[in-house]
$ cat protein.pdb   # PDB, C-alpha atoms and all ligand atoms
MODEL        1
ATOM      1  CA  MET A   1     143.803 113.545  81.730
ATOM      2  CA  GLN A   2     144.898 115.536  84.737
ATOM      3  CA  THR A   3     142.723 118.078  86.506
ATOM      4  CA  LEU A   4     144.851 120.723  88.169
ATOM      5  CA  ARG A   5     143.515 123.218  90.666
ATOM      6  CA  ASP A   6     146.618 125.109  91.701
ATOM      7  CA  ILE A   7     149.116 127.175  89.778
ATOM      8  CA  ASP A   8     152.219 125.309  90.963
ATOM      9  CA  SER A   9     151.007 121.965  89.609
ATOM     10  CA  VAL A  10     150.319 123.583  86.229
ATOM     11  CA  SER A  11     153.800 125.103  86.130
ATOM     12  CA  ARG A  12     155.412 121.801  87.091
ATOM     13  CA  LEU A  13     153.545 119.882  84.384
ATOM     14  CA  SER A  14     154.272 122.515  81.774
ATOM     15  CA  GLN A  15     157.992 122.532  82.614
ATOM     16  CA  LEU A  16     158.047 118.764  82.258
ATOM     17  CA  TRP A  17     156.468 119.004  78.803
ATOM     18  CA  ARG A  18     158.791 121.805  77.778
ATOM     19  CA  ALA A  19     161.825 119.731  78.843
ATOM     20  CA  ARG A  20     160.556 116.984  76.544
ATOM     21  CA  ASN A  21     160.124 119.485  73.687
ATOM     22  CA  LEU A  22     156.366 119.028  73.626
ATOM     23  CA  ARG A  23     154.405 122.005  72.304
ATOM     24  CA  LEU A  24     151.537 123.067  74.522
ATOM     25  CA  ALA A  25     148.359 124.728  73.285
ATOM     26  CA  LEU A  26     146.070 126.449  75.783
ATOM     27  CA  VAL A  27     142.322 126.835  75.251
ATOM     28  CA  PRO A  28     141.035 129.431  77.726
ATOM     29  CA  THR A  29     137.321 129.086  78.543
ATOM     30  CA  MET A  30     134.778 129.982  81.185
ATOM     31  CA  GLY A  31     133.400 126.437  81.103
ATOM     32  CA  PHE A  32     129.884 125.142  80.470
ATOM     33  CA  LEU A  33     131.440 123.755  77.331
ATOM     34  CA  HIS A  34     129.628 123.385  74.023
ATOM     35  CA  GLU A  35     130.587 122.370  70.484
ATOM     36  CA  GLY A  36     132.146 125.799  69.891
ATOM     37  CA  HIS A  37     134.635 125.180  72.693
ATOM     38  CA  LEU A  38     135.213 121.627  71.466
ATOM     39  CA  SER A  39     136.070 122.933  67.993
ATOM     40  CA  LEU A  40     138.795 125.066  69.624
ATOM     41  CA  ILE A  41     140.138 122.012  71.443
ATOM     42  CA  ARG A  42     140.249 120.072  68.153
ATOM     43  CA  LEU A  43     142.102 122.901  66.451
ATOM     44  CA  ALA A  44     144.562 123.024  69.346
ATOM     45  CA  ARG A  45     145.119 119.289  69.017
ATOM     46  CA  GLN A  46     146.034 119.685  65.332
ATOM     47  CA  HIS A  47     148.795 122.167  66.137
ATOM     48  CA  ALA A  48     150.272 120.990  69.411
ATOM     49  CA  ASP A  49     151.550 117.924  71.239
ATOM     50  CA  ARG A  50     149.685 118.713  74.442
ATOM     51  CA  VAL A  51     146.369 120.516  74.995
ATOM     52  CA  MET A  52     145.364 122.277  78.201
ATOM     53  CA  VAL A  53     141.888 123.715  78.737
ATOM     54  CA  SER A  54     141.400 126.331  81.420
ATOM     55  CA  ILE A  55     137.969 126.647  82.989
ATOM     56  CA  PHE A  56     137.651 129.845  84.944
ATOM     57  CA  VAL A  57     134.731 132.239  85.244
ATOM     58  CA  ASN A  58     136.968 135.259  85.543
ATOM     59  CA  PRO A  59     135.409 137.720  87.996
ATOM     60  CA  THR A  60     137.435 140.706  86.795
ATOM     61  CA  GLN A  61     135.823 140.749  83.362
ATOM     62  CA  PHE A  62     132.286 141.056  84.760
ATOM     63  CA  GLY A  63     130.750 144.397  85.619
ATOM     64  CA  PRO A  64     128.970 144.926  88.960
ATOM     65  CA  ASN A  65     125.511 144.363  87.441
ATOM     66  CA  GLU A  66     126.452 141.448  85.213
ATOM     67  CA  ASP A  67     125.868 137.706  85.497
ATOM     68  CA  LEU A  68     129.006 136.527  87.359
ATOM     69  CA  ALA A  69     127.051 134.744  90.107
ATOM     70  CA  SER A  70     124.528 133.132  87.774
ATOM     71  CA  TYR A  71     126.955 132.277  84.932
ATOM     72  CA  PRO A  72     126.235 128.601  84.102
ATOM     73  CA  ARG A  73     128.674 126.136  85.611
ATOM     74  CA  ASP A  74     128.926 122.333  85.390
ATOM     75  CA  PHE A  75     132.458 121.242  86.016
ATOM     76  CA  ALA A  76     131.750 117.481  86.114
ATOM     77  CA  ARG A  77     130.252 117.645  82.629
ATOM     78  CA  ASP A  78     133.058 119.883  81.322
ATOM     79  CA  GLU A  79     135.669 117.490  82.678
ATOM     80  CA  GLN A  80     133.937 114.562  80.980
ATOM     81  CA  LEU A  81     133.805 116.422  77.631
ATOM     82  CA  CYS A  82     137.495 117.320  77.883
ATOM     83  CA  ARG A  83     138.363 113.708  78.620
ATOM     84  CA  GLN A  84     136.376 112.595  75.557
ATOM     85  CA  GLU A  85     138.243 115.117  73.415
ATOM     86  CA  GLY A  86     141.622 113.751  74.547
ATOM     87  CA  VAL A  87     142.591 116.900  76.450
ATOM     88  CA  ASP A  88     145.791 116.353  78.438
ATOM     89  CA  ALA A  89     145.119 118.702  81.334
ATOM     90  CA  VAL A  90     142.299 120.849  82.654
ATOM     91  CA  PHE A  91     143.219 123.858  84.756
ATOM     92  CA  TYR A  92     140.325 124.691  87.066
ATOM     93  CA  PRO A  93     141.505 127.298  89.552
ATOM     94  CA  GLU A  94     139.673 128.954  92.417
ATOM     95  CA  PRO A  95     139.242 132.736  92.047
ATOM     96  CA  ALA A  96     141.278 133.218  95.251
ATOM     97  CA  GLY A  97     144.123 131.216  93.717
ATOM     98  CA  MET A  98     144.148 133.459  90.632
ATOM     99  CA  TYR A  99     143.852 136.855  92.316
ATOM    100  CA  ALA A 100     145.646 137.860  95.486
ATOM    101  CA  ALA A 101     143.435 139.895  97.800
ATOM    102  CA  ASP A 102     145.627 142.913  97.024
ATOM    103  CA  HIS A 103     146.003 142.253  93.264
ATOM    104  CA  SER A 104     146.815 145.601  91.675
ATOM    105  CA  THR A 105     148.353 145.028  88.231
ATOM    106  CA  TRP A 106     146.266 145.185  85.086
ATOM    107  CA  VAL A 107     146.736 144.909  81.344
ATOM    108  CA  ASP A 108     144.800 147.644  79.600
ATOM    109  CA  GLU A 109     144.602 147.641  75.799
ATOM    110  CA  GLU A 110     143.634 151.202  75.018
ATOM    111  CA  SER A 111     142.551 151.314  71.402
ATOM    112  CA  LEU A 112     140.560 148.309  70.172
ATOM    113  CA  SER A 113     138.864 147.800  73.547
ATOM    114  CA  GLY A 114     136.968 151.079  73.522
ATOM    115  CA  GLY A 115     134.087 150.394  71.131
ATOM    116  CA  LEU A 116     131.540 147.629  70.579
ATOM    117  CA  CYS A 117     131.394 145.408  73.709
ATOM    118  CA  GLY A 118     133.971 147.608  75.443
ATOM    119  CA  ALA A 119     131.628 150.602  75.280
ATOM    120  CA  SER A 120     128.789 148.789  77.039
ATOM    121  CA  ARG A 121     131.018 146.739  79.350
ATOM    122  CA  PRO A 122     133.605 149.166  80.775
ATOM    123  CA  GLY A 123     136.603 147.318  82.212
ATOM    124  CA  HIS A 124     135.628 144.058  80.497
ATOM    125  CA  PHE A 125     138.672 143.831  78.222
ATOM    126  CA  ARG A 126     141.012 144.898  81.013
ATOM    127  CA  GLY A 127     139.788 141.837  82.921
ATOM    128  CA  VAL A 128     140.086 139.650  79.825
ATOM    129  CA  CYS A 129     143.621 140.784  78.927
ATOM    130  CA  THR A 130     144.813 140.454  82.501
ATOM    131  CA  VAL A 131     143.484 136.936  82.977
ATOM    132  CA  VAL A 132     144.651 135.783  79.545
ATOM    133  CA  LEU A 133     148.191 137.030  80.170
ATOM    134  CA  LYS A 134     148.138 135.344  83.585
ATOM    135  CA  LEU A 135     146.954 132.087  82.000
ATOM    136  CA  PHE A 136     149.694 132.313  79.354
ATOM    137  CA  ASN A 137     152.304 132.864  82.080
ATOM    138  CA  ILE A 138     150.992 130.130  84.356
ATOM    139  CA  SER A 139     150.670 127.524  81.601
ATOM    140  CA  GLY A 140     153.823 128.450  79.677
ATOM    141  CA  CYS A 141     151.873 127.598  76.506
ATOM    142  CA  GLN A 142     153.415 128.179  73.076
ATOM    143  CA  LEU A 143     150.027 128.343  71.363
ATOM    144  CA  ALA A 144     146.593 129.523  72.382
ATOM    145  CA  VAL A 145     143.251 129.171  70.633
ATOM    146  CA  PHE A 146     140.409 131.692  70.614
ATOM    147  CA  GLY A 147     137.090 131.753  68.769
ATOM    148  CA  ARG A 148     135.884 134.364  66.297
ATOM    149  CA  LYS A 149     132.546 134.351  68.119
ATOM    150  CA  ASP A 150     134.277 136.941  70.326
ATOM    151  CA  ALA A 151     135.794 138.801  67.381
ATOM    152  CA  GLN A 152     136.729 141.918  69.354
ATOM    153  CA  GLN A 153     138.277 139.837  72.135
ATOM    154  CA  ALA A 154     140.424 137.943  69.609
ATOM    155  CA  LEU A 155     141.646 141.226  68.149
ATOM    156  CA  VAL A 156     142.374 142.787  71.528
ATOM    157  CA  ILE A 157     144.381 139.720  72.581
ATOM    158  CA  GLN A 158     146.281 139.746  69.281
ATOM    159  CA  ARG A 159     147.160 143.375  69.959
ATOM    160  CA  MET A 160     148.256 142.620  73.533
ATOM    161  CA  VAL A 161     150.458 139.748  72.324
ATOM    162  CA  ARG A 162     152.056 141.994  69.709
ATOM    163  CA  ASP A 163     152.487 145.035  71.928
ATOM    164  CA  LEU A 164     153.892 143.164  74.937
ATOM    165  CA  ASN A 165     155.972 140.650  72.936
ATOM    166  CA  VAL A 166     154.148 137.745  74.500
ATOM    167  CA  PRO A 167     155.774 134.556  73.151
ATOM    168  CA  VAL A 168     152.504 132.810  72.316
ATOM    169  CA  ARG A 169     151.179 132.057  68.840
ATOM    170  CA  LEU A 170     147.448 132.654  68.493
ATOM    171  CA  LEU A 171     145.113 130.490  66.474
ATOM    172  CA  LEU A 172     141.618 131.724  65.662
ATOM    173  CA  ALA A 173     138.726 129.322  65.126
ATOM    174  CA  PRO A 174     135.562 130.089  63.145
ATOM    175  CA  LEU A 175     132.271 130.914  64.882
ATOM    176  CA  LEU A 176     130.169 127.775  65.317
ATOM    177  CA  ARG A 177     126.366 127.852  65.195
ATOM    178  CA  GLU A 178     123.470 125.575  66.068
ATOM    179  CA  ALA A 179     121.758 123.990  63.039
ATOM    180  CA  ASP A 180     119.159 126.806  63.096
ATOM    181  CA  GLY A 181     121.798 129.531  63.064
ATOM    182  CA  LEU A 182     121.981 130.590  66.728
ATOM    183  CA  ALA A 183     125.624 131.175  67.658
ATOM    184  CA  LEU A 184     126.680 128.611  70.259
ATOM    185  CA  SER A 185     127.161 130.249  73.639
ATOM    186  CA  SER A 186     127.119 129.139  77.260
ATOM    187  CA  ARG A 187     124.639 131.979  77.856
ATOM    188  CA  ASN A 188     122.059 130.351  75.516
ATOM    189  CA  LYS A 189     121.193 128.277  78.581
ATOM    190  CA  TYR A 190     119.461 131.346  80.060
ATOM    191  CA  LEU A 191     117.013 131.635  77.140
ATOM    192  CA  SER A 192     113.418 130.468  77.469
ATOM    193  CA  LEU A 193     112.084 128.506  74.499
ATOM    194  CA  ALA A 194     110.320 131.599  73.172
ATOM    195  CA  GLU A 195     113.402 133.811  73.651
ATOM    196  CA  ARG A 196     115.554 131.243  71.900
ATOM    197  CA  GLN A 197     113.152 131.198  68.970
ATOM    198  CA  ASN A 198     113.122 135.005  68.807
ATOM    199  CA  ALA A 199     116.917 135.120  69.020
ATOM    200  CA  LEU A 200     117.104 133.376  65.641
ATOM    201  CA  SER A 201     116.374 136.837  64.246
ATOM    202  CA  ILE A 202     120.011 137.743  65.015
ATOM    203  CA  TYR A 203     121.568 135.456  62.450
ATOM    204  CA  GLN A 204     118.693 135.946  60.023
ATOM    205  CA  GLY A 205     119.326 139.693  60.178
ATOM    206  CA  LEU A 206     123.060 139.240  59.759
ATOM    207  CA  GLN A 207     122.545 136.965  56.772
ATOM    208  CA  GLU A 208     120.141 139.404  55.145
ATOM    209  CA  ALA A 209     122.652 142.209  55.649
ATOM    210  CA  GLU A 210     125.349 140.027  54.118
ATOM    211  CA  ALA A 211     123.135 139.328  51.084
ATOM    212  CA  GLU A 212     122.513 143.063  50.696
ATOM    213  CA  TYR A 213     126.264 143.701  50.928
ATOM    214  CA  LYS A 214     126.933 141.028  48.315
ATOM    215  CA  SER A 215     124.414 142.590  46.018
ATOM    216  CA  GLY A 216     126.417 145.802  46.122
ATOM    217  CA  CYS A 217     125.173 147.887  49.058
ATOM    218  CA  ARG A 218     128.015 149.721  50.838
ATOM    219  CA  ASP A 219     125.895 152.024  52.977
ATOM    220  CA  ALA A 220     126.742 151.137  56.612
ATOM    221  CA  ALA A 221     123.584 152.640  58.104
ATOM    222  CA  ARG A 222     121.409 150.735  55.674
ATOM    223  CA  LEU A 223     123.247 147.459  56.252
ATOM    224  CA  CYS A 224     123.007 147.844  60.065
ATOM    225  CA  GLU A 225     119.329 148.723  59.814
ATOM    226  CA  ILE A 226     118.507 145.256  58.425
ATOM    227  CA  PRO A 227     119.431 143.213  61.549
ATOM    228  CA  ARG A 228     118.295 146.099  63.781
ATOM    229  CA  ARG A 229     114.758 145.910  62.385
ATOM    230  CA  ARG A 230     114.622 142.109  62.397
ATOM    231  CA  ILE A 231     115.818 141.836  65.991
ATOM    232  CA  SER A 232     113.517 144.595  67.230
ATOM    233  CA  GLN A 233     110.535 143.023  65.482
ATOM    234  CA  ALA A 234     111.360 139.755  67.280
ATOM    235  CA  GLY A 235     111.307 141.547  70.650
ATOM    236  CA  GLY A 236     115.086 141.846  71.074
ATOM    237  CA  ARG A 237     116.684 144.940  72.593
ATOM    238  CA  ILE A 238     119.735 146.099  70.668
ATOM    239  CA  ASP A 239     122.867 146.998  72.628
ATOM    240  CA  TYR A 240     124.874 147.868  69.512
ATOM    241  CA  ILE A 241     125.084 147.036  65.819
ATOM    242  CA  GLU A 242     128.152 148.325  64.021
ATOM    243  CA  LEU A 243     130.005 147.877  60.788
ATOM    244  CA  VAL A 244     133.713 148.207  61.450
ATOM    245  CA  SER A 245     137.035 147.433  59.884
ATOM    246  CA  GLN A 246     138.250 143.925  60.708
ATOM    247  CA  ASP A 247     141.680 145.202  61.743
ATOM    248  CA  SER A 248     141.087 148.517  63.494
ATOM    249  CA  LEU A 249     137.455 148.122  64.598
ATOM    250  CA  GLN A 250     136.913 151.683  63.330
ATOM    251  CA  ALA A 251     133.477 152.423  61.908
ATOM    252  CA  LEU A 252     133.323 152.088  58.129
ATOM    253  CA  ASP A 253     131.089 154.173  55.903
ATOM    254  CA  PRO A 254     131.045 153.424  53.055
ATOM    255  CA  VAL A 255     131.757 149.798  53.869
ATOM    256  CA  LYS A 256     135.007 148.444  52.531
ATOM    257  CA  ALA A 257     136.179 144.827  52.914
ATOM    258  CA  PRO A 258     137.496 143.347  55.117
ATOM    259  CA  ALA A 259     134.641 144.443  57.363
ATOM    260  CA  LEU A 260     133.008 143.072  60.461
ATOM    261  CA  LEU A 261     129.305 143.437  61.191
ATOM    262  CA  ALA A 262     129.091 142.935  64.942
ATOM    263  CA  LEU A 263     126.203 143.207  67.353
ATOM    264  CA  ALA A 264     124.999 142.592  70.863
ATOM    265  CA  ALA A 265     121.318 142.262  71.730
ATOM    266  CA  TYR A 266     119.247 141.289  74.736
ATOM    267  CA  PHE A 267     116.512 138.692  74.620
ATOM    268  CA  GLY A 268     114.877 138.902  78.021
ATOM    269  CA  LYS A 269     117.782 139.429  80.399
ATOM    270  CA  THR A 270     120.258 137.528  78.235
ATOM    271  CA  ARG A 271     122.848 139.478  76.312
ATOM    272  CA  LEU A 272     123.923 137.676  73.141
ATOM    273  CA  ILE A 273     126.705 138.663  70.766
ATOM    274  CA  ASP A 274     127.146 137.657  67.164
ATOM    275  CA  ASN A 275     129.011 138.798  64.088
ATOM    276  CA  ILE A 276     129.627 138.156  60.452
ATOM    277  CA  PHE A 277     132.706 138.900  58.365
ATOM    278  CA  LEU A 278     132.199 140.733  55.094
ATOM    279  CA  ASP A 279     135.199 139.939  52.932
TER
HETATM  280  P1  LIG B 301     133.869 131.489  76.759
HETATM  281  O1  LIG B 301     133.856 130.217  77.543
HETATM  282  O2  LIG B 301     132.530 131.958  76.326
HETATM  283  O3  LIG B 301     134.717 132.555  77.398
HETATM  284  O4  LIG B 301     134.618 131.144  75.403
HETATM  285  C1  LIG B 301     135.895 130.558  75.398
HETATM  286  C2  LIG B 301     136.427 130.547  73.994
HETATM  287  O5  LIG B 301     135.533 129.821  73.151
HETATM  288  C3  LIG B 301     136.554 131.950  73.379
HETATM  289  O6  LIG B 301     137.754 132.000  72.611
HETATM  290  C4  LIG B 301     135.342 132.042  72.516
HETATM  291  O7  LIG B 301     135.504 132.907  71.410
HETATM  292  C5  LIG B 301     135.200 130.604  72.045
HETATM  293  N1  LIG B 301     133.820 130.361  71.624
HETATM  294  C6  LIG B 301     132.695 130.534  72.365
HETATM  295  N2  LIG B 301     131.596 130.271  71.616
HETATM  296  C7  LIG B 301     132.044 129.948  70.382
HETATM  297  C8  LIG B 301     131.403 129.606  69.151
HETATM  298  N3  LIG B 301     130.093 129.548  69.040
HETATM  299  N4  LIG B 301     132.188 129.339  68.083
HETATM  300  C9  LIG B 301     133.535 129.422  68.170
HETATM  301  N5  LIG B 301     134.199 129.731  69.297
HETATM  302  C10 LIG B 301     133.461 129.999  70.386
ENDMDL
END
$ encode --input "protein.pdb" --output "structure tokens" --more "lines below"
Ligand code: AMP
Amino acid sequence: MQTLRDIDSVSRLSQLWRARNLRLALVPTMGFLHEGHLSLIRLARQHADRVMVSIFVNPTQFGPNEDLASYPRDFARDEQLCRQEGVDAVFYPEPAGMYAADHSTWVDEESLSGGLCGASRPGHFRGVCTVVLKLFNISGCQLAVFGRKDAQQALVIQRMVRDLNVPVRLLLAPLLREADGLALSSRNKYLSLAERQNALSIYQGLQEAEAEYKSGCRDAARLCEIPRRRISQAGGRIDYIELVSQDSLQALDPVKAPALLALAAYFGKTRLIDNIFLD
């Protein structure tokens, strides 16, 4: 496995693979890898001849009061996990190598980015789209894998790829959870034991809402109220809970499949996101 720190070495390697007709899949991450990330790597492996993982805590997708500085990092461990998974190359750039001091070009998706996480994190998806397009261009990948944990992000990137004719095929991987239901996330590291325990209310609430939906309820407010109450009772602070269409992310009431019940909530200072698909 090669670890590459600069853009030119990535381009050289990717050109070499392309000349040999080897299909490259990129798995973009911010590192501090967990089983969720590894499931993306395994999916990439199934569809491509070469797998590259990028590890980059992208500063442009963090707001001024967010956790850029404290975001968990452990490159040695990430590198070891990638090696174990048979990854061919890890791209681990420096922020200064990714963004020129006078960087001034941005990709702004203007429809799907507005609600949900985009409403509470202005500029977040502009940073995400810009870095993802840069990573696609640098790596020259034919495929890229994203997780449904970040359901809105996956949709926004799909839209960007369609709208800008980006020649990359996207693969989406299911959301992976801990045995007790907590969605795997690098940010879980911030949680105290008590916060982690309380955060189980997120998935419990989502599951209860799903059961209510399956038993016939189509009232969006009522379905959202179920996780809202559970999370609040467990001491969580809700950022948003919404029932939206899986394609347009527009609010649905009455609920009609395919729908997405998505939420963000704080436990202590940690903002967690989760979602469930109602098909
Ligand atoms: P991150 O490092 O958090 O930016 O995530 C990198 C990629 O891994 C994104 O496509 C995420 O959607 C995906 N991912 C993160 N957590 C999970 C999870 N629990 N299950 C599936 N995919 C995940």
$ residues_around --input "protein.pdb" --residues "segment 189-204 of chain A" --least-positions-apart "5" --cutoff "6 Å" --atoms "all atoms listed in the file" --output "MDAnalysis selection string"
chainID A and resid 181:182 230:231 234 267
$ closest_residue --input "protein.pdb" --among "A:Asp180, A:Asp8, A:Glu212, A:Asp274" --to "ligand LIG 301 (chain B)" --atoms "only C-alpha atoms and all ligand atoms"
A:Asp274
$ residues_near_ligand --input "protein.pdb" --ligand "ligand LIG 301 (chain B)" --cutoff "8 Å" --atoms "all atoms listed in the file" --output "PyMOL selection string"
chain A and resi 27-37+39-40+55+57+145-151+153-154+172-177+183-186
$ write_last_selection --input "protein.pdb" --atoms "C-alpha atoms" --output "JSON list (two decimals), in the coordinates of the input"
[["chain", "number", "residue", "atom", "x", "y", "z"],
["A", 27, "VAL", "CA", 142.32, 126.84, 75.25],
["A", 28, "PRO", "CA", 141.04, 129.43, 77.73],
["A", 29, "THR", "CA", 137.32, 129.09, 78.54],
["A", 30, "MET", "CA", 134.78, 129.98, 81.18],
["A", 31, "GLY", "CA", 133.40, 126.44, 81.10],
["A", 32, "PHE", "CA", 129.88, 125.14, 80.47],
["A", 33, "LEU", "CA", 131.44, 123.76, 77.33],
["A", 34, "HIS", "CA", 129.63, 123.38, 74.02],
["A", 35, "GLU", "CA", 130.59, 122.37, 70.48],
["A", 36, "GLY", "CA", 132.15, 125.80, 69.89],
["A", 37, "HIS", "CA", 134.64, 125.18, 72.69],
["A", 39, "SER", "CA", 136.07, 122.93, 67.99],
["A", 40, "LEU", "CA", 138.79, 125.07, 69.62],
["A", 55, "ILE", "CA", 137.97, 126.65, 82.99],
["A", 57, "VAL", "CA", 134.73, 132.24, 85.24],
["A", 145, "VAL", "CA", 143.25, 129.17, 70.63],
["A", 146, "PHE", "CA", 140.41, 131.69, 70.61],
["A", 147, "GLY", "CA", 137.09, 131.75, 68.77],
["A", 148, "ARG", "CA", 135.88, 134.36, 66.30],
["A", 149, "LYS", "CA", 132.55, 134.35, 68.12],
["A", 150, "ASP", "CA", 134.28, 136.94, 70.33],
["A", 151, "ALA", "CA", 135.79, 138.80, 67.38],
["A", 153, "GLN", "CA", 138.28, 139.84, 72.14],
["A", 154, "ALA", "CA", 140.42, 137.94, 69.61],
["A", 172, "LEU", "CA", 141.62, 131.72, 65.66],
["A", 173, "ALA", "CA", 138.73, 129.32, 65.13],
["A", 174, "PRO", "CA", 135.56, 130.09, 63.14],
["A", 175, "LEU", "CA", 132.27, 130.91, 64.88],
["A", 176, "LEU", "CA", 130.17, 127.78, 65.32],
["A", 177, "ARG", "CA", 126.37, 127.85, 65.19],
["A", 183, "ALA", "CA", 125.62, 131.18, 67.66],
["A", 184, "LEU", "CA", 126.68, 128.61, 70.26],
["A", 185, "SER", "CA", 127.16, 130.25, 73.64],
["A", 186, "SER", "CA", 127.12, 129.14, 77.26]]
$ closest_atom_pairs --input "protein.pdb" --of "segment 121-183 of chain A" --to "segment 99-110 of chain A" --cutoff "10 Å" --atoms "all atoms listed in the file" --output "Markdown table"
| residue | atom | partner | partner_atom | distance |
| --- | --- | --- | --- | --- |
| A:Gly123 | CA | A:Asp108 | CA | 8.6 |
| A:His124 | CA | A:Asp108 | CA | 9.9 |
| A:Phe125 | CA | A:Asp108 | CA | 7.3 |
| A:Arg126 | CA | A:Asp108 | CA | 4.9 |
| A:Gly127 | CA | A:Trp106 | CA | 7.6 |
| A:Val128 | CA | A:Val107 | CA | 8.6 |
| A:Cys129 | CA | A:Val107 | CA | 5.7 |
| A:Thr130 | CA | A:Val107 | CA | 5.0 |
| A:Val131 | CA | A:Val107 | CA | 8.8 |
| A:Val132 | CA | A:Val107 | CA | 9.5 |
| A:Leu133 | CA | A:Val107 | CA | 8.1 |
| A:Lys134 | CA | A:Tyr99 | CA | 9.8 |
| A:Val156 | CA | A:Glu109 | CA | 6.8 |
| A:Ile157 | CA | A:Glu109 | CA | 8.6 |
| A:Arg159 | CA | A:Glu109 | CA | 7.7 |
| A:Met160 | CA | A:Glu109 | CA | 6.6 |
| A:Asp163 | CA | A:Glu109 | CA | 9.2 |
| A:Leu164 | CA | A:Val107 | CA | 9.8 |
$ axis_aligned_box --input "protein.pdb" --around "segment 2-7 of chain A" --padding-each-side "8 Å" --output "AutoDock Vina command-line options"
--center_x 145.9 --center_y 121.4 --center_z 88.2 --size_x 22.4 --size_y 27.6 --size_z 23.0
$ residues_around --input "protein.pdb" --residues "Glu208 of chain A" --least-positions-apart "2" --cutoff "12 Å" --atoms "only C-alpha atoms" --output "ChimeraX atom specification"
/A:201-206,210-215,217,222-231,261,276
$ atom_distance --input "protein.pdb" --atom1 "atom CA of Asn65 of chain A" --atom2 "atom CA of Pro93 of chain A"
23.5 Å
$ atom_distance --input "protein.pdb" --atom1 "atom CA of Ala144 of chain A" --atom2 "atom CA of Leu24 of chain A"
8.4 Å
$ closest_residue --input "protein.pdb" --among "A:Arg121, A:Arg162, A:Arg73, A:Arg169" --to "His47 of chain A" --atoms "all atoms listed in the file"
A:Arg169
$ resolve_selection --input "protein.pdb" --expression "the PyMOL selection byres (((chain A and resi 87-91) around 6) and not hetatm)" --output "ChimeraX atom specification"
/A:1-5,51-54,82-83,85-86,92
$ write_last_selection --input "protein.pdb" --atoms "C-alpha atoms" --output "mmCIF file, in the coordinates of the input"
data_model
loop_
_atom_site.group_PDB
_atom_site.id
_atom_site.type_symbol
_atom_site.label_atom_id
_atom_site.label_comp_id
_atom_site.auth_asym_id
_atom_site.auth_seq_id
_atom_site.Cartn_x
_atom_site.Cartn_y
_atom_site.Cartn_z
ATOM 1 C CA MET A 1 143.803 113.545 81.730
ATOM 2 C CA GLN A 2 144.898 115.536 84.737
ATOM 3 C CA THR A 3 142.723 118.078 86.506
ATOM 4 C CA LEU A 4 144.851 120.723 88.169
ATOM 5 C CA ARG A 5 143.515 123.218 90.666
ATOM 6 C CA VAL A 51 146.369 120.516 74.995
ATOM 7 C CA MET A 52 145.364 122.277 78.201
ATOM 8 C CA VAL A 53 141.888 123.715 78.737
ATOM 9 C CA SER A 54 141.400 126.331 81.420
ATOM 10 C CA CYS A 82 137.495 117.320 77.883
ATOM 11 C CA ARG A 83 138.363 113.708 78.620
ATOM 12 C CA GLU A 85 138.243 115.117 73.415
ATOM 13 C CA GLY A 86 141.622 113.751 74.547
ATOM 14 C CA TYR A 92 140.325 124.691 87.066
#
$ decode --input "protein.pdb" --residues "segment 224-236 of chain A" --atoms "C-alpha atoms" --output "PDB file, in the first residue's frame"
ATOM      1  CA  CYS A 224     -41.324  13.142  14.068  1.00  0.00           C
ATOM      2  CA  GLU A 225     -42.682  13.650  17.570  1.00  0.00           C
ATOM      3  CA  ILE A 226     -41.755  10.068  18.541  1.00  0.00           C
ATOM      4  CA  PRO A 227     -37.937  10.429  18.264  1.00  0.00           C
ATOM      5  CA  ARG A 228     -38.190  14.069  19.396  1.00  0.00           C
ATOM      6  CA  ARG A 229     -39.748  13.028  22.710  1.00  0.00           C
ATOM      7  CA  ARG A 230     -37.421  10.065  23.230  1.00  0.00           C
ATOM      8  CA  ILE A 231     -34.285  12.102  22.569  1.00  0.00           C
ATOM      9  CA  SER A 232     -35.422  15.017  24.727  1.00  0.00           C
ATOM     10  CA  GLN A 233     -36.303  12.679  27.586  1.00  0.00           C
ATOM     11  CA  ALA A 234     -32.768  11.254  27.349  1.00  0.00           C
ATOM     12  CA  GLY A 235     -31.288  14.757  27.680  1.00  0.00           C
ATOM     13  CA  GLY A 236     -30.505  15.279  23.984  1.00  0.00           C
TER      14      GLY A 236
END
